file start_20.cif (mmCIF, C-alpha atoms)
data_work
#
loop_
_atom_site.label_atom_id
_atom_site.label_comp_id
_atom_site.auth_asym_id
_atom_site.auth_seq_id
_atom_site.Cartn_x
_atom_site.Cartn_y
_atom_site.Cartn_z
CA MET L 1 0.00 0.00 0.00
CA ILE L 2 1.22 3.51 -0.87
CA ASP L 3 2.26 5.65 2.08
CA LEU L 4 -0.09 8.69 1.99
CA SER L 5 2.43 10.94 3.69
CA ILE L 6 4.97 10.26 0.93
CA SER L 7 2.37 11.01 -1.77
CA ARG L 8 1.46 14.27 -0.05
CA GLN L 9 5.14 15.22 0.18
CA GLN L 10 5.53 14.58 -3.55
CA ILE L 11 2.46 16.71 -4.31
CA ASP L 12 3.86 19.54 -2.15
CA GLU L 13 7.14 19.43 -4.10
CA ILE L 14 5.33 19.44 -7.46
CA ASP L 15 3.07 22.30 -6.33
CA SER L 16 6.13 24.34 -5.36
CA GLN L 17 7.55 23.80 -8.84
CA ILE L 18 4.21 24.82 -10.39
CA VAL L 19 4.20 28.06 -8.38
CA GLU L 20 7.79 28.80 -9.40
CA LEU L 21 7.00 28.16 -13.08
CA PHE L 22 3.82 30.23 -12.86
CA GLU L 23 5.74 33.22 -11.55
CA LYS L 24 8.29 32.83 -14.34
CA ARG L 25 5.45 32.80 -16.86
CA MET L 26 3.91 35.95 -15.37
CA LYS L 27 7.28 37.70 -15.58
CA VAL L 28 7.33 36.97 -19.31
CA ALA L 29 3.69 38.13 -19.50
CA ASN L 30 4.89 41.46 -18.13
CA ASP L 31 7.28 41.80 -21.07
CA VAL L 32 4.46 40.88 -23.47
CA ALA L 33 2.23 43.55 -21.89
CA ASN L 34 4.90 46.23 -22.30
CA TYR L 35 5.29 45.27 -25.96
CA LYS L 36 1.53 45.46 -26.53
CA ILE L 37 1.34 48.87 -24.82
CA GLU L 38 4.14 50.24 -27.02
CA THR L 39 2.71 48.84 -30.26
CA GLY L 40 -1.00 49.34 -29.48
CA LYS L 41 -1.63 45.63 -29.99
CA ALA L 42 -4.77 44.15 -28.40
CA VAL L 43 -4.31 42.09 -25.24
CA PHE L 44 -6.74 39.37 -26.32
CA ASP L 45 -5.63 37.35 -29.34
CA LYS L 46 -8.28 34.66 -29.64
CA GLU L 47 -6.67 32.86 -32.60
CA ARG L 48 -3.25 32.67 -30.90
CA GLU L 49 -4.77 31.37 -27.65
CA GLU L 50 -6.81 28.71 -29.45
CA GLN L 51 -3.70 27.47 -31.26
CA LYS L 52 -1.83 27.26 -27.96
CA LEU L 53 -4.66 25.39 -26.25
CA GLU L 54 -4.83 22.83 -29.07
CA LYS L 55 -1.08 22.27 -28.90
CA LEU L 56 -0.93 21.98 -25.12
CA SER L 57 -3.92 19.65 -24.79
CA ALA L 58 -2.44 17.41 -27.50
CA MET L 59 0.68 16.98 -25.34
CA SER L 60 -1.36 15.32 -22.56
CA HIS L 61 -2.34 11.64 -22.32
CA GLY L 62 -5.93 10.46 -22.10
CA GLU L 63 -9.24 12.21 -22.69
CA PHE L 64 -9.60 13.41 -19.09
CA ASN L 65 -6.12 14.94 -18.96
CA GLU L 66 -6.64 16.52 -22.37
CA ARG L 67 -9.72 18.38 -21.16
CA ALA L 68 -8.08 19.19 -17.82
CA VAL L 69 -4.94 20.66 -19.44
CA ARG L 70 -7.09 22.77 -21.75
CA GLU L 71 -9.12 24.11 -18.80
CA LEU L 72 -5.99 24.71 -16.72
CA PHE L 73 -4.29 26.77 -19.42
CA GLN L 74 -7.49 28.65 -20.21
CA GLN L 75 -7.39 29.86 -16.61
CA ILE L 76 -3.67 30.68 -16.77
CA MET L 77 -4.17 32.67 -19.98
CA SER L 78 -7.17 34.43 -18.48
CA ILE L 79 -5.11 35.43 -15.41
CA SER L 80 -2.33 36.66 -17.69
CA ARG L 81 -4.78 38.83 -19.66
CA LYS L 82 -6.17 40.33 -16.47
CA TYR L 83 -2.64 41.23 -15.42
CA GLN L 84 -1.99 42.84 -18.80
CA TYR L 85 -5.26 44.81 -18.69
CA GLY L 86 -4.14 46.19 -15.33
CA MET L 87 -0.91 47.49 -16.88
CA LEU L 88 -2.69 49.49 -19.59
CA PRO L 89 -2.93 53.27 -18.98
CA HIS L 90 -6.09 54.22 -17.14
CA THR L 91 -6.47 57.26 -19.40
CA ASP L 92 -7.59 54.80 -22.09
CA ASP L 93 -11.33 55.20 -21.46
CA VAL L 94 -13.50 52.17 -22.08
CA THR L 95 -16.76 54.14 -22.34
CA LYS L 96 -17.97 57.46 -23.73
CA PHE L 97 -19.48 58.55 -20.42
CA LYS L 98 -18.63 62.08 -19.29
CA LYS L 99 -18.19 63.16 -15.70
CA ILE L 100 -20.35 66.12 -14.59
CA PRO L 101 -20.86 67.88 -11.22
CA HIS L 102 -24.47 66.77 -10.70
CA ILE L 103 -27.28 65.06 -12.57
CA CYS L 104 -30.70 66.58 -11.96
CA GLY L 105 -31.10 70.27 -12.63
CA GLU L 106 -33.88 72.53 -11.41
CA ASP L 107 -37.13 72.82 -13.34
CA SER L 108 -36.58 69.47 -15.06
CA ARG L 109 -39.18 68.04 -17.42
CA VAL L 110 -39.79 64.46 -16.31
CA TYR L 111 -41.91 61.79 -17.98
CA TYR L 112 -43.14 58.84 -15.95
CA PHE L 113 -45.09 55.67 -16.59
CA GLY L 114 -48.83 55.72 -15.91
CA VAL L 115 -51.51 58.26 -15.07
CA ALA L 116 -51.84 60.46 -11.98
CA GLY L 117 -51.74 58.42 -8.79
CA THR L 118 -49.36 55.71 -10.00
CA HIS L 119 -46.45 54.48 -7.90
CA THR L 120 -44.05 55.77 -10.55
CA GLN L 121 -45.41 59.30 -10.19
CA GLN L 122 -44.88 59.07 -6.46
CA ALA L 123 -41.29 57.90 -6.98
CA MET L 124 -40.71 60.78 -9.40
CA GLU L 125 -41.97 63.36 -6.89
CA GLU L 126 -39.90 61.88 -4.08
CA VAL L 127 -36.79 62.18 -6.28
CA PHE L 128 -37.43 65.51 -8.04
CA GLY L 129 -39.84 67.21 -5.60
CA THR L 130 -43.59 67.83 -5.85
CA SER L 131 -43.10 70.94 -8.01
CA VAL L 132 -41.53 68.92 -10.83
CA ARG L 133 -43.08 69.22 -14.30
CA GLY L 134 -44.21 65.63 -14.62
CA THR L 135 -46.02 64.04 -17.56
CA GLY L 136 -47.62 60.60 -17.47
CA CYS L 137 -47.18 58.15 -20.36
CA ALA L 138 -49.39 55.25 -21.40
CA ASP L 139 -46.55 52.76 -21.68
CA PHE L 140 -42.85 52.28 -20.92
CA GLN L 141 -41.76 52.90 -24.52
CA ASP L 142 -43.35 56.37 -24.59
CA VAL L 143 -41.12 57.40 -21.68
CA MET L 144 -38.01 56.12 -23.47
CA GLU L 145 -38.92 57.92 -26.71
CA ALA L 146 -39.69 61.23 -24.97
CA VAL L 147 -36.26 61.25 -23.32
CA GLU L 148 -34.36 60.27 -26.48
CA LYS L 149 -36.17 62.93 -28.56
CA GLY L 150 -35.49 65.65 -25.99
CA GLU L 151 -39.15 66.15 -25.08
CA ALA L 152 -38.20 65.22 -21.51
CA ASP L 153 -35.02 65.82 -19.54
CA TYR L 154 -35.49 62.62 -17.58
CA GLY L 155 -37.75 59.59 -17.40
CA VAL L 156 -38.76 57.41 -14.47
CA LEU L 157 -39.52 53.71 -14.96
CA PRO L 158 -39.89 50.69 -12.67
CA ILE L 159 -37.17 48.11 -13.31
CA GLU L 160 -37.36 45.54 -10.51
CA ASN L 161 -39.65 44.44 -7.70
CA SER L 162 -38.41 42.67 -4.59
CA SER L 163 -41.08 39.97 -4.81
CA THR L 164 -41.67 39.51 -8.55
CA GLY L 165 -38.21 40.25 -9.95
CA GLY L 166 -37.13 42.28 -12.97
CA ILE L 167 -39.53 43.96 -15.38
CA SER L 168 -38.28 42.33 -18.56
CA THR L 169 -39.84 44.85 -20.97
CA ASN L 170 -37.77 47.69 -19.55
CA TYR L 171 -34.54 45.70 -19.70
CA ASP L 172 -35.17 45.10 -23.40
CA LEU L 173 -36.08 48.75 -24.03
CA LEU L 174 -32.79 49.93 -22.53
CA LEU L 175 -31.00 48.48 -25.56
CA HIS L 176 -33.38 49.92 -28.14
CA TYR L 177 -32.69 53.53 -27.13
CA LYS L 178 -29.55 55.60 -26.59
CA ASN L 179 -30.63 56.75 -23.15
CA ALA L 180 -28.51 56.09 -20.07
CA ILE L 181 -29.43 55.28 -16.49
CA VAL L 182 -28.48 58.29 -14.36
CA GLY L 183 -30.10 57.34 -11.05
CA GLN L 184 -32.24 54.91 -9.12
CA TYR L 185 -34.79 55.11 -6.34
CA VAL L 186 -36.16 52.30 -4.17
CA MET L 187 -39.65 52.78 -2.75
CA GLU L 188 -41.87 50.67 -0.52
CA ILE L 189 -44.99 49.52 -2.36
CA ASN L 190 -48.23 48.90 -0.45
CA GLN L 191 -50.96 47.56 -2.70
CA CYS L 192 -54.60 48.19 -1.81
CA LEU L 193 -57.93 46.93 -3.10
CA LEU L 194 -59.92 49.99 -4.19
CA ALA L 195 -63.63 50.21 -5.01
CA LEU L 196 -66.44 52.76 -5.24
CA PRO L 197 -67.49 54.32 -1.92
CA GLY L 198 -70.00 52.05 -0.22
CA ALA L 199 -69.23 49.05 -2.46
CA LYS L 200 -69.39 45.74 -0.61
CA PRO L 201 -66.42 43.34 -0.92
CA GLU L 202 -68.72 40.35 -1.41
CA ASN L 203 -70.25 41.99 -4.50
CA ILE L 204 -66.91 42.54 -6.25
CA LYS L 205 -66.41 40.33 -9.32
CA THR L 206 -63.64 41.92 -11.40
CA VAL L 207 -60.30 43.32 -10.19
CA PHE L 208 -58.22 45.43 -12.59
CA SER L 209 -54.52 46.17 -12.19
CA HIS L 210 -51.16 46.27 -13.91
CA PRO L 211 -49.68 42.75 -14.29
CA GLN L 212 -47.15 43.57 -11.56
CA GLY L 213 -49.93 44.62 -9.18
CA LEU L 214 -51.73 41.33 -9.76
CA LEU L 215 -48.52 39.35 -9.36
CA GLN L 216 -47.58 41.10 -6.14
CA SER L 217 -51.08 40.39 -4.75
CA ARG L 218 -51.43 36.81 -5.98
CA SER L 219 -51.94 35.32 -2.49
CA PHE L 220 -54.79 37.75 -1.81
CA MET L 221 -56.37 36.91 -5.16
CA ARG L 222 -56.11 33.17 -4.41
CA GLU L 223 -57.93 33.78 -1.13
CA HIS L 224 -60.76 35.35 -3.16
CA PRO L 225 -61.42 32.98 -6.07
CA GLU L 226 -64.65 34.87 -6.75
CA TYR L 227 -62.52 37.82 -7.97
CA GLU L 228 -61.40 37.72 -11.60
CA GLY L 229 -58.06 39.46 -12.09
CA VAL L 230 -57.82 41.47 -15.32
CA GLU L 231 -54.57 43.06 -16.51
CA TYR L 232 -54.69 46.80 -17.17
CA GLY L 233 -52.25 49.49 -18.32
CA SER L 234 -51.15 50.62 -14.86
CA THR L 235 -52.39 50.42 -11.28
CA ALA L 236 -53.53 54.04 -11.28
CA ALA L 237 -55.19 53.66 -14.70
CA ALA L 238 -57.11 50.70 -13.27
CA ALA L 239 -58.29 52.89 -10.38
CA LYS L 240 -59.31 55.60 -12.85
CA LYS L 241 -61.33 53.04 -14.84
CA VAL L 242 -63.19 51.80 -11.76
CA ALA L 243 -64.05 55.38 -10.78
CA GLY L 244 -65.19 56.21 -14.30
CA ASP L 245 -67.29 53.07 -14.85
CA LYS L 246 -69.15 53.58 -11.54
CA ASP L 247 -69.69 49.81 -11.34
CA ALA L 248 -69.83 48.50 -7.77
CA THR L 249 -68.77 45.01 -8.95
CA GLN L 250 -65.41 46.38 -10.12
CA ALA L 251 -62.28 47.03 -8.05
CA ALA L 252 -58.64 47.91 -8.66
CA ILE L 253 -55.36 46.96 -7.06
CA ALA L 254 -53.51 50.25 -6.69
CA SER L 255 -52.08 52.65 -4.11
CA ARG L 256 -53.84 54.57 -1.37
CA ARG L 257 -52.72 57.65 -3.28
CA ALA L 258 -54.70 56.47 -6.33
CA ALA L 259 -57.77 56.02 -4.12
CA LYS L 260 -57.53 59.63 -3.06
CA GLU L 261 -56.85 60.80 -6.64
CA TYR L 262 -59.99 59.14 -8.04
CA GLY L 263 -62.37 59.25 -5.09
CA LEU L 264 -62.30 55.54 -4.32
CA GLU L 265 -62.50 53.68 -1.03
CA VAL L 266 -59.81 51.38 0.35
CA VAL L 267 -61.52 48.01 0.82
CA ALA L 268 -58.34 46.19 1.90
CA GLU L 269 -54.78 47.43 2.32
CA ASN L 270 -51.31 45.89 2.31
CA ILE L 271 -52.59 42.99 0.22
CA GLN L 272 -49.22 42.36 -1.44
CA GLU L 273 -47.77 38.90 -0.85
CA GLU L 274 -44.39 40.21 0.33
CA LYS L 275 -45.00 42.60 3.21
CA ASN L 276 -41.56 44.19 2.74
CA ASN L 277 -42.50 44.88 -0.88
CA CYS L 278 -40.24 47.37 -2.68
CA THR L 279 -39.81 48.49 -6.27
CA ARG L 280 -36.60 49.83 -7.73
CA PHE L 281 -37.12 52.67 -10.20
CA ILE L 282 -34.52 53.89 -12.68
CA ILE L 283 -34.06 57.48 -13.80
CA ILE L 284 -33.00 57.75 -17.43
CA GLY L 285 -31.46 60.67 -19.32
CA ALA L 286 -30.45 61.26 -22.92
CA LYS L 287 -26.75 61.81 -22.12
CA GLU L 288 -24.15 59.29 -20.96
CA VAL L 289 -23.03 61.02 -17.78
CA TYR L 290 -21.97 60.17 -14.24
CA THR L 291 -20.79 62.03 -11.13
CA GLU L 292 -18.17 61.65 -8.44
CA LYS L 293 -20.80 60.04 -6.20
CA SER L 294 -21.84 57.43 -8.76
CA ASN L 295 -21.30 54.03 -7.15
CA LYS L 296 -23.25 51.52 -9.24
CA ILE L 297 -22.66 50.45 -12.84
CA ALA L 298 -25.26 48.78 -15.06
CA LEU L 299 -24.11 47.04 -18.23
CA CYS L 300 -25.33 44.59 -20.83
CA ILE L 301 -23.17 41.89 -22.37
CA GLU L 302 -23.57 39.22 -25.01
CA LEU L 303 -21.25 36.24 -24.97
CA PRO L 304 -19.74 33.83 -27.46
CA HIS L 305 -22.06 30.81 -27.55
CA GLN L 306 -19.58 28.37 -26.03
CA SER L 307 -18.88 26.54 -22.81
CA GLY L 308 -17.47 28.61 -19.94
CA SER L 309 -17.89 32.01 -21.59
CA LEU L 310 -20.07 33.46 -18.80
CA TYR L 311 -17.64 32.28 -16.13
CA ARG L 312 -14.67 33.83 -17.93
CA ILE L 313 -16.46 37.16 -18.33
CA LEU L 314 -17.64 37.31 -14.72
CA SER L 315 -14.15 36.47 -13.48
CA HIS L 316 -13.05 39.98 -14.50
CA PHE L 317 -15.20 41.37 -11.69
CA LEU L 318 -13.84 38.77 -9.26
CA TYR L 319 -10.18 39.49 -10.04
CA ASN L 320 -10.74 43.23 -9.69
CA ASN L 321 -12.57 42.76 -6.37
CA LEU L 322 -15.83 44.27 -7.66
CA ASN L 323 -19.09 43.25 -6.03
CA MET L 324 -21.72 42.10 -8.52
CA THR L 325 -25.19 42.89 -7.15
CA GLN L 326 -27.41 41.56 -9.93
CA ILE L 327 -27.47 39.47 -13.09
CA VAL L 328 -30.54 39.07 -15.32
CA SER L 329 -30.69 37.04 -18.53
CA ARG L 330 -32.87 37.92 -21.52
CA PRO L 331 -33.24 36.00 -24.81
CA ILE L 332 -31.58 37.57 -27.86
CA PRO L 333 -34.22 38.14 -30.58
CA GLY L 334 -33.70 35.98 -33.67
CA ARG L 335 -31.14 33.73 -31.97
CA ASN L 336 -32.93 30.85 -30.25
CA TRP L 337 -31.49 29.77 -26.89
CA GLU L 338 -28.89 32.54 -26.84
CA TYR L 339 -29.03 35.16 -24.13
CA ARG L 340 -27.76 38.57 -23.19
CA PHE L 341 -27.03 39.46 -19.58
CA PHE L 342 -27.84 42.63 -17.66
CA ILE L 343 -25.35 43.03 -14.83
CA ASP L 344 -25.03 45.50 -11.96
CA VAL L 345 -21.70 45.98 -10.17
CA GLU L 346 -20.57 48.40 -7.52
CA GLY L 347 -18.06 51.07 -8.51
CA ASN L 348 -17.33 54.33 -10.30
CA LEU L 349 -16.04 54.65 -13.87
CA ASP L 350 -13.03 56.55 -12.51
CA ASP L 351 -11.90 53.55 -10.45
CA ALA L 352 -8.87 51.72 -11.84
CA ALA L 353 -10.40 48.36 -10.91
CA VAL L 354 -13.59 49.20 -12.81
CA GLN L 355 -11.64 50.28 -15.90
CA ASN L 356 -9.56 47.08 -15.77
CA ALA L 357 -12.64 44.90 -15.52
CA LEU L 358 -14.58 46.70 -18.25
CA ARG L 359 -11.58 46.67 -20.58
CA GLY L 360 -11.34 42.89 -20.21
CA VAL L 361 -15.09 42.36 -20.66
CA LYS L 362 -15.17 44.65 -23.70
CA GLU L 363 -12.37 42.72 -25.44
CA GLU L 364 -13.65 39.25 -24.66
CA ALA L 365 -17.43 39.62 -24.91
CA ALA L 366 -19.26 39.51 -28.22
CA TYR L 367 -20.96 42.78 -27.20
CA MET L 368 -20.81 45.13 -24.24
CA ARG L 369 -22.65 48.35 -23.46
CA VAL L 370 -22.47 50.32 -20.23
CA LEU L 371 -26.05 51.42 -19.52
CA GLY L 372 -25.25 53.79 -16.67
CA ASN L 373 -23.08 54.75 -13.72
CA TYR L 374 -25.20 56.30 -11.02
CA GLU L 375 -25.62 56.80 -7.29
CA ALA L 376 -27.52 53.93 -5.71
#
call {"tool": "encode", "arguments": {"input": "start_20.cif", "output": "structure tokens"}}
result
Amino acid sequence: MIDLSISRQQIDEIDSQIVELFEKRMKVANDVANYKIETGKAVFDKEREEQKLEKLSAMSHGEFNERAVRELFQQIMSISRKYQYGMLPHTDDVTKFKKIPHICGEDSRVYYFGVAGTHTQQAMEEVFGTSVRGTGCADFQDVMEAVEKGEADYGVLPIENSSTGGISTNYDLLLHYKNAIVGQYVMEINQCLLALPGAKPENIKTVFSHPQGLLQSRSFMREHPEYEGVEYGSTAAAAKKVAGDKDATQAAIASRRAAKEYGLEVVAENIQEEKNNCTRFIIIGAKEVYTEKSNKIALCIELPHQSGSLYRILSHFLYNNLNMTQIVSRPIPGRNWEYRFFIDVEGNLDDAAVQNALRGVKEEAAYMRVLGNYEA
């Protein structure tokens, strides 16, 4: 029987040699980086790396070792690239974002989703103040278009709910317009069942609300199978409809503010499934700008459709010690079973670590776009 202590001693000796050889390799990588800086040559040379991987894996014996050697050297090459990215001058900007003193100016024109009384209007007023010149829009796309065309200085849209997750439509719209995220606001959402004054709960048959309102209140709706949930444009628009139809069998899931706006009565409150229910709203602007206080970066990436590509991209954030706070996948139109990823990380575009990470992601991803750098 083999003596385990002897085997462990042999492994320790081999590991020491591996460390020594790795450091020698990184010293040569330093020379390569200096050459690339002087000549302007790209750090990532996909064709060269693939040739090396084929050659190295062919030197191994057996199918398992062949795959293992390939994976091992993929990691070594990835580490070498990250080191080289860190040597590049930080004046080499990886985005077109411009730094400005502050974002929101006085007397801003702001477009928001929904009619008067919607949660998004409330979020807008809490960010910009009640004297803001706010305009409601029928759908998310109208807000995006108004900002891009210059009809609005800023737009406010919901992007994520703590209980139902991301609002996929708005993630997709972010790529269809040139707007940038310049801020965010998180607000507690208390959903209420609203009806005409004097209406009896047992007589209610139809409940209107935005799909998110119905989703957030799904437990309440299950407790009342006699209520038929019907999707409507927004929570406040649903309240407006109930008030306008003057039908005591109708109700809306919306805010207490909407009840006051349209003269409705709160039949039941805090009916959302998650009692600590919050929605994250984004503030969009037409210009790609950030400030000294910006501490959160939103970006979208598309990856080569191959094994390990997501891991290799995300490792750039790991190696630069950046905290990733969110990742959302969305299907790429026209390319079945391929996805793009919306990622949030902490940091400012001025940070060297952020520039290193984004430079690596930009070179190695099939597509990258920074959607915003803003104060969270």
call {"tool": "residues_near_point", "arguments": {"input": "start_20.cif", "point": "(-61.1, 42.9, -12.5)", "cutoff": "9 Å", "atoms": "only C-alpha atoms", "output": "list in words"}}
result
Ile204, Lys205, Thr206, Val207, Phe208, Ser209, Tyr227, Glu228, Gly229, Val230, Glu231, Tyr232, Ala238, Thr249, Gln250, Ala251, Ala252 and Ile253 of chain L
call {"tool": "residues_near_point", "arguments": {"input": "start_20.cif", "point": "(-37.0, 65.7, -26.9)", "cutoff": "12 Å", "atoms": "only C-alpha atoms", "output": "tab-separated table (two decimals) with C-alpha atoms, in the coordinates of the input"}}
result
chain	number	residue	atom	x	y	z
L	109	ARG	CA	-39.18	68.04	-17.42
L	110	VAL	CA	-39.79	64.46	-16.31
L	111	TYR	CA	-41.91	61.79	-17.98
L	142	ASP	CA	-43.35	56.37	-24.59
L	143	VAL	CA	-41.12	57.40	-21.68
L	144	MET	CA	-38.01	56.12	-23.47
L	145	GLU	CA	-38.92	57.92	-26.71
L	146	ALA	CA	-39.69	61.23	-24.97
L	147	VAL	CA	-36.26	61.25	-23.32
L	148	GLU	CA	-34.36	60.27	-26.48
L	149	LYS	CA	-36.17	62.93	-28.56
L	150	GLY	CA	-35.49	65.65	-25.99
L	151	GLU	CA	-39.15	66.15	-25.08
L	152	ALA	CA	-38.20	65.22	-21.51
L	153	ASP	CA	-35.02	65.82	-19.54
L	154	TYR	CA	-35.49	62.62	-17.58
L	155	GLY	CA	-37.75	59.59	-17.40
L	179	ASN	CA	-30.63	56.75	-23.15
L	285	GLY	CA	-31.46	60.67	-19.32
L	286	ALA	CA	-30.45	61.26	-22.92
L	287	LYS	CA	-26.75	61.81	-22.12
call {"tool": "closest_residue", "arguments": {"input": "start_20.cif", "among": "L:Leu214, L:Ile327, L:Gly117, L:Leu173", "to": "Arg256 in chain L", "atoms": "only C-alpha atoms"}}
result
L:Gly117
call {"tool": "residues_around", "arguments": {"input": "start_20.cif", "residues": "Asp139 in chain L", "least_positions_apart": "4", "cutoff": "8 Å", "atoms": "all atoms listed in the file", "output": "list in words"}}
result
Phe113, Gly114, Val143 and Gly233 of chain L
call {"tool": "write_last_selection", "arguments": {"input": "start_20.cif", "atoms": "C-alpha atoms", "output": "PDB file, in the frame of the given file"}}
result
ATOM      1  CA  PHE L 113     -45.090  55.670 -16.590  1.00  0.00           C
ATOM      2  CA  GLY L 114     -48.830  55.720 -15.910  1.00  0.00           C
ATOM      3  CA  VAL L 143     -41.120  57.400 -21.680  1.00  0.00           C
ATOM      4  CA  GLY L 233     -52.250  49.490 -18.320  1.00  0.00           C
TER       5      GLY L 233
END
call {"tool": "resolve_selection", "arguments": {"input": "start_20.cif", "expression": "the PyMOL selection byres ((chain L and resi 275-279) around 12)", "output": "number ranges by chain"}}
result
L: 119-120, 122-123, 157-167, 184-191, 212-213, 215-217, 219, 269-274, 280-282
call {"tool": "closest_residue", "arguments": {"input": "start_20.cif", "among": "L:Phe128, L:Phe73, L:Trp337, L:Tyr311", "to": "Ala365 in chain L", "atoms": "only C-alpha atoms"}}
result
L:Tyr311
call {"tool": "closest_residue", "arguments": {"input": "start_20.cif", "among": "L:Phe220, L:Phe140, L:Tyr367, L:Tyr262", "to": "Pro197 in chain L", "atoms": "only C-alpha atoms"}}
result
L:Tyr262
call {"tool": "atom_distance", "arguments": {"input": "start_20.cif", "atom1": "CA of Glu223 in chain L", "atom2": "CA of Leu194 in chain L"}}
result
16.6 Å
call {"tool": "closest_residue", "arguments": {"input": "start_20.cif", "among": "L:Val94, L:Leu318, L:Ile79, L:Leu264", "to": "Ala239 in chain L", "atoms": "all atoms listed in the file"}}
result
L:Leu264
